[in-house]
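This report concerns only the one structure given below.
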Amino acid sequence: MRTPIIAANWKMQKTTGEAAAFAEGLAEHLGDSPVEVVVAPPFTALGAFASALSAAGLDGRVSIAGQNVHAEPAGAFTGEVSVPMLVDVGCRYVILGHSERRALFGESSGVVADKLRAAQSGGLRAIVCIGETLQEREDERTFEVLAAQLDESLASADSRRWPELVIAYEPVWAIGTGRTASPEEAQAAHAFVRERLSGLAGAASTEIRIQYGGSVKPENAADLLARPDIDGALVGGASLDPKSFSAIIHSGSPGDSRAAE
Ligand code: 13P
């Protein structure tokens, strides 16, 4: 049984004060839920958010993630942040290969593979993002693109850590556009990813959680999360408000009446 995992990716949003206010709001709305909750603030707000989570009594309940990391542990890499630095500030997870990193910052799957190796050997769990563009989908190349991104990004994955790995399927055409993949489209992609993972990870592939990302909202989350291979969500815009993020979390908890709030 895979525990659902709902993660907030704030991208380049929220100051330290705003991050602390979010933690307070989350304490109000989160309640009990069997879902694993992760929040990825920008680097500058990680420390403040960690302190605010503790103050709100949520530090054991909500994990913190970096949105990116460098593959080297230290050195002359101006503007970059390393795995030991993320661990030091309280991160348990790191998001790797987000489509914005791939498209806007030239990050290839080879670079993602190096970062994954560094993250896993440094004690961070990774959320590895994959997803096709609209053009690739229209050209019926979705599965080919997902297969290549998975094979290359996971080329140096630590085989002892498959159960900790999280994959985020985020179709690029659904990110920040208000256009969500239908639950059927998303399930088909997730089933393909799971099958590909079984070739890479063998029996452990059944433990790898696959999140869906791309315009997830309180209104569409329950339908997506009910599908057999959709094990959670990576949420951008709707994760900025603690109430809507909590509503998505409750959508991932079967039988939770707060899901519709
Ligand atoms: P939106 O939820 O804003 O579409 O963003 C999705 C995403 O990129 C999460 O990583």
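Chain labels follow the order of the structure tokens: the first chain is A, the next B, and so on; residue numbering restarts at 1 in every chain, and ligands are counted from 1 in their shown order.
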
### Task
Could you pull out the residues sitting within 9 Å of ligand 1, using only C-alpha atoms and all ligand atoms, and write them as a VMD selection string?
chain A and resid 7 to 11 67 95 98 to 100 129 168 170 to 180 212 to 217 233 to 239

Using the selection just defined, write its residues with N, CA, C and O atoms as a compact mmCIF listing (two decimals), in the first residue's frame.
```
# COMPACT_ATOMS: atom_id res chain seq x y z
N ALA A 7 2.53 17.35 -2.35
CA ALA A 7 3.64 18.30 -2.17
C ALA A 7 3.28 19.65 -2.76
O ALA A 7 2.64 19.75 -3.81
N ALA A 8 3.71 20.69 -2.05
CA ALA A 8 3.53 22.07 -2.51
C ALA A 8 4.84 22.54 -3.14
O ALA A 8 5.89 22.44 -2.51
N ASN A 9 4.78 23.03 -4.36
CA ASN A 9 5.95 23.64 -4.99
C ASN A 9 5.63 25.13 -5.14
O ASN A 9 4.87 25.51 -6.01
N TRP A 10 6.22 25.93 -4.27
CA TRP A 10 5.91 27.37 -4.28
C TRP A 10 6.62 28.11 -5.41
O TRP A 10 6.35 29.29 -5.63
N LYS A 11 7.58 27.45 -6.03
CA LYS A 11 8.37 28.10 -7.10
C LYS A 11 8.99 29.39 -6.55
O LYS A 11 9.40 29.41 -5.38
N GLN A 67 13.73 23.05 -3.93
CA GLN A 67 13.15 23.00 -5.28
C GLN A 67 14.18 22.60 -6.33
O GLN A 67 13.85 22.39 -7.50
N ILE A 95 13.16 18.48 -4.99
CA ILE A 95 12.52 18.33 -6.30
C ILE A 95 13.63 18.41 -7.36
O ILE A 95 14.45 19.33 -7.33
N HIS A 98 12.38 19.62 -12.52
CA HIS A 98 11.09 20.25 -12.83
C HIS A 98 11.13 20.79 -14.26
O HIS A 98 12.18 21.22 -14.73
N SER A 99 10.00 20.79 -14.93
CA SER A 99 10.00 21.19 -16.35
C SER A 99 10.49 22.62 -16.52
O SER A 99 11.05 22.97 -17.56
N GLU A 100 10.28 23.47 -15.48
CA GLU A 100 10.80 24.84 -15.59
C GLU A 100 12.33 24.83 -15.53
O GLU A 100 12.98 25.63 -16.20
N CYS A 129 10.90 14.92 -11.57
CA CYS A 129 9.80 15.35 -12.45
C CYS A 129 10.07 14.96 -13.90
O CYS A 129 11.18 15.10 -14.40
N ALA A 168 7.24 12.61 -10.25
CA ALA A 168 6.11 13.51 -10.50
C ALA A 168 5.89 13.58 -12.01
O ALA A 168 6.78 14.02 -12.74
N GLU A 170 4.31 15.50 -14.69
CA GLU A 170 3.73 16.83 -14.88
C GLU A 170 3.73 17.17 -16.37
O GLU A 170 4.76 17.61 -16.90
N PRO A 171 2.60 16.94 -17.04
CA PRO A 171 2.55 17.32 -18.45
C PRO A 171 2.76 18.84 -18.57
O PRO A 171 2.07 19.60 -17.89
N VAL A 172 3.71 19.25 -19.38
CA VAL A 172 4.10 20.67 -19.41
C VAL A 172 2.91 21.55 -19.79
O VAL A 172 2.74 22.65 -19.26
N TRP A 173 2.03 21.04 -20.65
CA TRP A 173 0.88 21.81 -21.13
C TRP A 173 -0.17 22.01 -20.04
O TRP A 173 -1.10 22.79 -20.22
N ALA A 174 -0.02 21.33 -18.92
CA ALA A 174 -1.01 21.47 -17.84
C ALA A 174 -0.48 22.32 -16.69
O ALA A 174 -1.20 22.58 -15.73
N ILE A 175 0.78 22.76 -16.78
CA ILE A 175 1.38 23.50 -15.66
C ILE A 175 1.04 24.98 -15.75
O ILE A 175 1.38 25.64 -16.74
N GLY A 176 0.34 25.48 -14.74
CA GLY A 176 0.02 26.90 -14.66
C GLY A 176 -0.93 27.37 -15.75
O GLY A 176 -1.09 28.58 -15.96
N THR A 177 -1.57 26.44 -16.45
CA THR A 177 -2.43 26.83 -17.57
C THR A 177 -3.90 26.73 -17.22
O THR A 177 -4.75 27.19 -17.98
N GLY A 178 -4.21 26.10 -16.09
CA GLY A 178 -5.61 25.86 -15.74
C GLY A 178 -6.16 24.66 -16.50
O GLY A 178 -7.29 24.23 -16.28
N ARG A 179 -5.37 24.10 -17.39
CA ARG A 179 -5.79 22.93 -18.16
C ARG A 179 -5.20 21.68 -17.52
O ARG A 179 -3.98 21.51 -17.52
N THR A 180 -6.04 20.86 -16.93
CA THR A 180 -5.54 19.65 -16.24
C THR A 180 -5.66 18.47 -17.19
O THR A 180 -6.58 18.42 -18.00
N TYR A 212 0.87 13.24 -9.63
CA TYR A 212 0.45 14.01 -10.81
C TYR A 212 0.61 15.50 -10.49
O TYR A 212 0.32 15.94 -9.37
N GLY A 213 1.08 16.26 -11.45
CA GLY A 213 1.17 17.71 -11.28
C GLY A 213 0.72 18.43 -12.54
O GLY A 213 0.96 17.95 -13.66
N GLY A 214 0.07 19.58 -12.34
CA GLY A 214 -0.40 20.38 -13.48
C GLY A 214 -1.82 20.83 -13.22
O GLY A 214 -2.76 20.07 -13.41
N SER A 215 -1.94 22.07 -12.68
CA SER A 215 -3.25 22.66 -12.41
C SER A 215 -4.13 21.81 -11.49
O SER A 215 -5.35 21.74 -11.67
N VAL A 216 -3.49 21.17 -10.50
CA VAL A 216 -4.28 20.47 -9.47
C VAL A 216 -4.92 21.51 -8.56
O VAL A 216 -4.26 22.45 -8.10
N LYS A 217 -6.22 21.34 -8.32
CA LYS A 217 -7.00 22.28 -7.51
C LYS A 217 -7.88 21.47 -6.55
O LYS A 217 -8.09 20.28 -6.78
N ALA A 233 0.02 14.34 -5.43
CA ALA A 233 0.01 15.48 -6.33
C ALA A 233 1.18 16.40 -6.01
O ALA A 233 1.60 16.51 -4.85
N LEU A 234 1.71 17.04 -7.06
CA LEU A 234 2.70 18.10 -6.89
C LEU A 234 1.98 19.37 -7.34
O LEU A 234 1.58 19.49 -8.50
N VAL A 235 1.78 20.28 -6.39
CA VAL A 235 0.84 21.38 -6.60
C VAL A 235 1.58 22.71 -6.64
O VAL A 235 2.35 23.01 -5.73
N GLY A 236 1.32 23.50 -7.66
CA GLY A 236 1.93 24.83 -7.76
C GLY A 236 0.98 25.88 -7.21
O GLY A 236 0.86 26.08 -6.00
N GLY A 237 0.25 26.55 -8.09
CA GLY A 237 -0.58 27.70 -7.71
C GLY A 237 -1.50 27.46 -6.52
O GLY A 237 -1.57 28.30 -5.60
N ALA A 238 -2.18 26.31 -6.51
CA ALA A 238 -3.16 26.06 -5.45
C ALA A 238 -2.49 25.68 -4.12
O ALA A 238 -3.18 25.47 -3.12
N SER A 239 -1.16 25.60 -4.12
CA SER A 239 -0.48 25.28 -2.85
C SER A 239 -0.06 26.54 -2.11
O SER A 239 0.49 26.46 -1.01
```

### Message
Taking 2 positions as the minimum chain separation for residues in the same chain, which residues sit within 12 Å of region 59-62 of chain A when counting only C-alpha atoms? Answer as an MDAnalysis selection string.
### Response
chainID A and resid 5:8 23:24 26:27 30:40 49:57 64:65 90:93 246 249

### Near-region 219-227 of chain A list (7 Å; only C-alpha atoms; drop same-chain fewer than 5 positions) as a VMD selection string
chain A and resid 183 187 232 248 251 to 252

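Residue neighbourhood of Met1 (chain A), excluding near-sequence residues (fewer than 3 positions): Pro4, Thr206 and Glu207 of chain A, at 10 Å, using only C-alpha atoms.
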
Resulting file, chosen residues, N, CA, C and O atoms, as a PDB file, in the first residue's frame:
```pdb
ATOM      1  N   PRO A   4      -0.245   8.068   0.092  1.00  0.00           N
ATOM      2  CA  PRO A   4      -0.284   9.213  -0.820  1.00  0.00           C
ATOM      3  C   PRO A   4       0.651  10.327  -0.352  1.00  0.00           C
ATOM      4  O   PRO A   4       0.845  10.525   0.856  1.00  0.00           O
ATOM      5  N   THR A 206       6.605  -1.243  -7.323  1.00  0.00           N
ATOM      6  CA  THR A 206       5.244  -1.127  -6.786  1.00  0.00           C
ATOM      7  C   THR A 206       5.207  -0.200  -5.565  1.00  0.00           C
ATOM      8  O   THR A 206       4.145   0.218  -5.135  1.00  0.00           O
ATOM      9  N   GLU A 207       6.398   0.093  -5.018  1.00  0.00           N
ATOM     10  CA  GLU A 207       6.448   0.986  -3.845  1.00  0.00           C
ATOM     11  C   GLU A 207       6.725   2.431  -4.222  1.00  0.00           C
ATOM     12  O   GLU A 207       6.607   3.333  -3.390  1.00  0.00           O
TER      13      GLU A 207
END
```

### Query
Mind checking DSSP for region 8-172 of chain A and telling me the helix (DSSP H, G or I) residues as JSON, numbers by chain?
{"A": [16, 17, 18, 19, 20, 21, 22, 23, 24, 25, 26, 27, 28, 29, 43, 44, 45, 46, 47, 48, 49, 50, 51, 52, 53, 54, 55, 83, 84, 85, 86, 87, 88, 99, 100, 101, 102, 103, 104, 109, 110, 111, 112, 113, 114, 115, 116, 117, 118, 119, 120, 121, 134, 135, 136, 137, 138, 142, 143, 144, 145, 146, 147, 148, 149, 150, 151, 152, 153, 159, 160, 161, 162, 163, 164, 172]}

### Which of region 69-168 of chain A DSSP labels strand (DSSP E or B), written as a list of chain:residue names
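For region 69-168 of chain A, the strand (DSSP E or B) set is A:Cys91, A:Arg92, A:Tyr93, A:Val94, A:Ile95, A:Leu96, A:Arg125, A:Ala126, A:Ile127, A:Val128, A:Cys129, A:Ile130, A:Val166, A:Ile167, A:Ala168.
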
Export of the given selection (all heavy atoms) as a tab-separated table (two decimals), in the first residue's frame:
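Result saved to part-v7.tsv:
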```tsv
chain	number	residue	atom	x	y	z
A	91	CYS	N	15.76	20.04	5.28
A	91	CYS	CA	15.03	19.39	4.17
A	91	CYS	C	15.12	17.88	4.27
A	91	CYS	O	16.16	17.32	4.64
A	91	CYS	CB	15.62	19.80	2.82
A	91	CYS	SG	15.25	21.49	2.38
A	92	ARG	N	14.03	17.23	3.90
A	92	ARG	CA	13.99	15.77	3.80
A	92	ARG	C	13.92	15.36	2.33
A	92	ARG	O	14.34	14.28	1.95
A	92	ARG	CB	12.73	15.29	4.54
A	92	ARG	CG	12.49	13.80	4.56
A	92	ARG	CD	11.30	13.55	5.49
A	92	ARG	NE	10.71	12.23	5.36
A	92	ARG	CZ	11.14	11.17	6.04
A	92	ARG	NH1	12.15	11.27	6.84
A	92	ARG	NH2	10.53	10.00	5.89
A	93	TYR	N	13.37	16.27	1.51
A	93	TYR	CA	13.17	15.99	0.08
A	93	TYR	C	13.85	17.06	-0.77
A	93	TYR	O	14.13	18.17	-0.29
A	93	TYR	CB	11.68	16.02	-0.26
A	93	TYR	CG	10.92	14.76	0.12
A	93	TYR	CD1	10.30	14.64	1.37
A	93	TYR	CD2	10.81	13.70	-0.77
A	93	TYR	CE1	9.61	13.49	1.71
A	93	TYR	CE2	10.11	12.54	-0.43
A	93	TYR	CZ	9.51	12.45	0.81
A	93	TYR	OH	8.82	11.30	1.14
A	94	VAL	N	14.02	16.74	-2.05
A	94	VAL	CA	14.39	17.76	-3.03
A	94	VAL	C	13.66	17.45	-4.35
A	94	VAL	O	13.53	16.27	-4.72
A	94	VAL	CB	15.92	17.84	-3.24
A	94	VAL	CG1	16.50	16.54	-3.82
A	94	VAL	CG2	16.30	19.03	-4.13
A	95	ILE	N	13.16	18.48	-4.99
A	95	ILE	CA	12.52	18.33	-6.30
A	95	ILE	C	13.63	18.41	-7.36
A	95	ILE	O	14.45	19.33	-7.33
A	95	ILE	CB	11.48	19.45	-6.55
A	95	ILE	CG1	10.36	19.38	-5.50
A	95	ILE	CG2	10.90	19.38	-7.96
A	95	ILE	CD1	9.39	20.58	-5.54
A	96	LEU	N	13.64	17.46	-8.27
A	96	LEU	CA	14.68	17.45	-9.32
A	96	LEU	C	14.04	17.42	-10.71
A	96	LEU	O	13.04	16.72	-10.92
A	96	LEU	CB	15.57	16.22	-9.17
A	96	LEU	CG	16.37	16.10	-7.87
A	96	LEU	CD1	17.18	14.80	-7.87
A	96	LEU	CD2	17.29	17.30	-7.68
A	125	ARG	N	15.64	12.57	-0.01
A	125	ARG	CA	14.74	11.83	-0.89
A	125	ARG	C	14.41	12.71	-2.07
A	125	ARG	O	14.23	13.92	-1.90
A	125	ARG	CB	13.45	11.48	-0.16
A	125	ARG	CG	13.68	10.56	1.00
A	125	ARG	CD	12.46	10.45	1.90
A	125	ARG	NE	12.72	9.43	2.90
A	125	ARG	CZ	11.90	8.42	3.16
A	125	ARG	NH1	10.75	8.33	2.54
A	125	ARG	NH2	12.22	7.52	4.06
A	126	ALA	N	14.28	12.12	-3.25
A	126	ALA	CA	14.06	12.94	-4.45
A	126	ALA	C	12.65	12.79	-5.00
A	126	ALA	O	12.06	11.71	-4.96
A	126	ALA	CB	15.07	12.55	-5.51
A	127	ILE	N	12.15	13.91	-5.50
A	127	ILE	CA	10.93	13.92	-6.32
A	127	ILE	C	11.42	14.26	-7.73
A	127	ILE	O	11.83	15.39	-7.99
A	127	ILE	CB	9.93	14.98	-5.83
A	127	ILE	CG1	9.47	14.68	-4.41
A	127	ILE	CG2	8.74	15.08	-6.79
A	127	ILE	CD1	8.56	15.76	-3.78
A	128	VAL	N	11.46	13.27	-8.61
A	128	VAL	CA	12.00	13.48	-9.96
A	128	VAL	C	10.85	13.76	-10.91
A	128	VAL	O	9.92	12.95	-11.05
A	128	VAL	CB	12.80	12.23	-10.42
A	128	VAL	CG1	13.23	12.40	-11.88
A	128	VAL	CG2	14.01	12.01	-9.51
A	129	CYS	N	10.90	14.92	-11.57
A	129	CYS	CA	9.80	15.35	-12.45
A	129	CYS	C	10.07	14.96	-13.90
A	129	CYS	O	11.18	15.10	-14.40
A	129	CYS	CB	9.64	16.87	-12.39
A	129	CYS	SG	9.37	17.51	-10.74
A	130	ILE	N	9.00	14.50	-14.53
A	130	ILE	CA	9.06	14.20	-15.97
A	130	ILE	C	7.76	14.71	-16.58
A	130	ILE	O	6.78	14.95	-15.86
A	130	ILE	CB	9.19	12.68	-16.23
A	130	ILE	CG1	8.03	11.92	-15.54
A	130	ILE	CG2	10.53	12.15	-15.73
A	130	ILE	CD1	7.98	10.46	-15.95
A	166	VAL	N	10.26	9.30	-5.43
A	166	VAL	CA	8.96	9.78	-5.88
A	166	VAL	C	9.14	10.32	-7.30
A	166	VAL	O	10.11	11.03	-7.57
A	166	VAL	CB	8.43	10.91	-4.96
A	166	VAL	CG1	7.08	11.43	-5.45
A	166	VAL	CG2	8.32	10.42	-3.51
A	167	ILE	N	8.23	9.94	-8.18
A	167	ILE	CA	8.22	10.49	-9.54
A	167	ILE	C	7.03	11.44	-9.65
A	167	ILE	O	5.95	11.12	-9.16
A	167	ILE	CB	8.06	9.36	-10.59
A	167	ILE	CG1	9.17	8.29	-10.45
A	167	ILE	CG2	8.01	9.93	-12.01
A	167	ILE	CD1	10.56	8.77	-10.76
A	168	ALA	N	7.24	12.61	-10.25
A	168	ALA	CA	6.11	13.51	-10.50
A	168	ALA	C	5.89	13.58	-12.01
A	168	ALA	O	6.78	14.02	-12.74
A	168	ALA	CB	6.40	14.90	-9.94
```

### Query
Interatomic distance between CA of Gln13 (chain A) and CA of Leu46 (chain A)?
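Answer for the CA of Gln13 (chain A) to CA of Leu46 (chain A) separation: 12.0 Å.
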
### Task
Excluding region 110-119 of chain A and any residue of its chain fewer than 5 positions from it, enumerate the residues within 9 Å of it, using only C-alpha atoms, and give them as a count of residues only.
24

### Nearest residue to Gly202 (chain A) from the set A:Arg160, A:Lys14, A:His190, A:His250 (distances using only C-alpha atoms)
A:Arg160

### Task
Please provide the set of residues having any atom within 12 Å of Arg137 (chain A), restricted to only C-alpha atoms, with same-chain residues fewer than 2 positions apart removed, written as a list of chain:residue names.
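Final neighbour list, sorted by chain and number: A:Gly131, A:Glu132, A:Thr133, A:Leu134, A:Gln135, A:Asp139, A:Glu140, A:Arg141, A:Thr142, A:Phe143, A:Glu144, A:Val145, A:Leu146, A:Pro171, A:Val172, A:Trp173, A:Ala174, A:Ala181, A:Glu185, A:Ala189.
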
How about saving the chosen residues, N, CA and C atoms kept, as a tab-separated table (two decimals), in the first residue's frame?
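Wrote out-v6.tsv, looks like this:
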```
chain	number	residue	atom	x	y	z
A	131	GLY	N	7.73	14.87	-17.90
A	131	GLY	CA	6.49	15.30	-18.54
A	131	GLY	C	6.73	15.76	-19.96
A	132	GLU	N	5.71	15.57	-20.79
A	132	GLU	CA	5.82	15.91	-22.20
A	132	GLU	C	5.26	17.31	-22.48
A	133	THR	N	5.75	17.94	-23.54
A	133	THR	CA	5.18	19.22	-23.97
A	133	THR	C	3.91	18.97	-24.78
A	134	LEU	N	3.19	20.04	-25.05
A	134	LEU	CA	1.97	19.91	-25.87
A	134	LEU	C	2.31	19.36	-27.26
A	135	GLN	N	3.39	19.90	-27.84
A	135	GLN	CA	3.80	19.44	-29.18
A	135	GLN	C	4.10	17.95	-29.17
A	139	ASP	N	2.12	15.10	-31.21
A	139	ASP	CA	2.88	14.23	-32.14
A	139	ASP	C	2.83	12.76	-31.69
A	140	GLU	N	2.05	12.47	-30.67
A	140	GLU	CA	1.91	11.11	-30.13
A	140	GLU	C	3.26	10.53	-29.68
A	141	ARG	N	4.05	11.40	-29.08
A	141	ARG	CA	5.36	10.96	-28.60
A	141	ARG	C	5.41	10.92	-27.07
A	142	THR	N	4.26	11.06	-26.41
A	142	THR	CA	4.24	11.16	-24.95
A	142	THR	C	5.02	10.03	-24.27
A	143	PHE	N	4.68	8.78	-24.63
A	143	PHE	CA	5.29	7.65	-23.93
A	143	PHE	C	6.79	7.55	-24.23
A	144	GLU	N	7.13	7.87	-25.47
A	144	GLU	CA	8.56	7.85	-25.86
A	144	GLU	C	9.35	8.87	-25.02
A	145	VAL	N	8.77	10.07	-24.85
A	145	VAL	CA	9.44	11.13	-24.09
A	145	VAL	C	9.55	10.72	-22.62
A	146	LEU	N	8.45	10.20	-22.06
A	146	LEU	CA	8.47	9.80	-20.64
A	146	LEU	C	9.49	8.68	-20.41
A	171	PRO	N	2.60	16.94	-17.04
A	171	PRO	CA	2.55	17.32	-18.45
A	171	PRO	C	2.76	18.84	-18.57
A	172	VAL	N	3.71	19.25	-19.38
A	172	VAL	CA	4.10	20.67	-19.41
A	172	VAL	C	2.91	21.55	-19.79
A	173	TRP	N	2.03	21.04	-20.65
A	173	TRP	CA	0.88	21.81	-21.13
A	173	TRP	C	-0.17	22.01	-20.04
A	174	ALA	N	-0.02	21.33	-18.92
A	174	ALA	CA	-1.01	21.47	-17.84
A	174	ALA	C	-0.48	22.32	-16.69
A	181	ALA	N	-4.75	17.51	-17.08
A	181	ALA	CA	-4.97	16.24	-17.78
A	181	ALA	C	-6.23	15.63	-17.17
A	185	GLU	N	-6.47	10.46	-18.82
A	185	GLU	CA	-5.17	10.74	-19.46
A	185	GLU	C	-4.03	10.58	-18.45
A	189	ALA	N	-0.89	7.73	-18.36
A	189	ALA	CA	0.54	8.08	-18.29
A	189	ALA	C	1.17	7.44	-17.05
```

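The space between CA of Asp151 (chain A) and CA of Arg194 (chain A) spans 12.4 Å.
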
### Task
Using only C-alpha atoms, find the one residue out of A:Glu184, A:Gly199, A:Lys243, A:Gly17 that sits nearest to Ile230 (chain A).
A:Glu184

### Message
Between CA of Val193 (chain A) and CA of Ile208 (chain A), what distance in Å does the model show, to one decimal?
### Response
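Separation of CA of Val193 (chain A) and CA of Ile208 (chain A): 10.3 Å.
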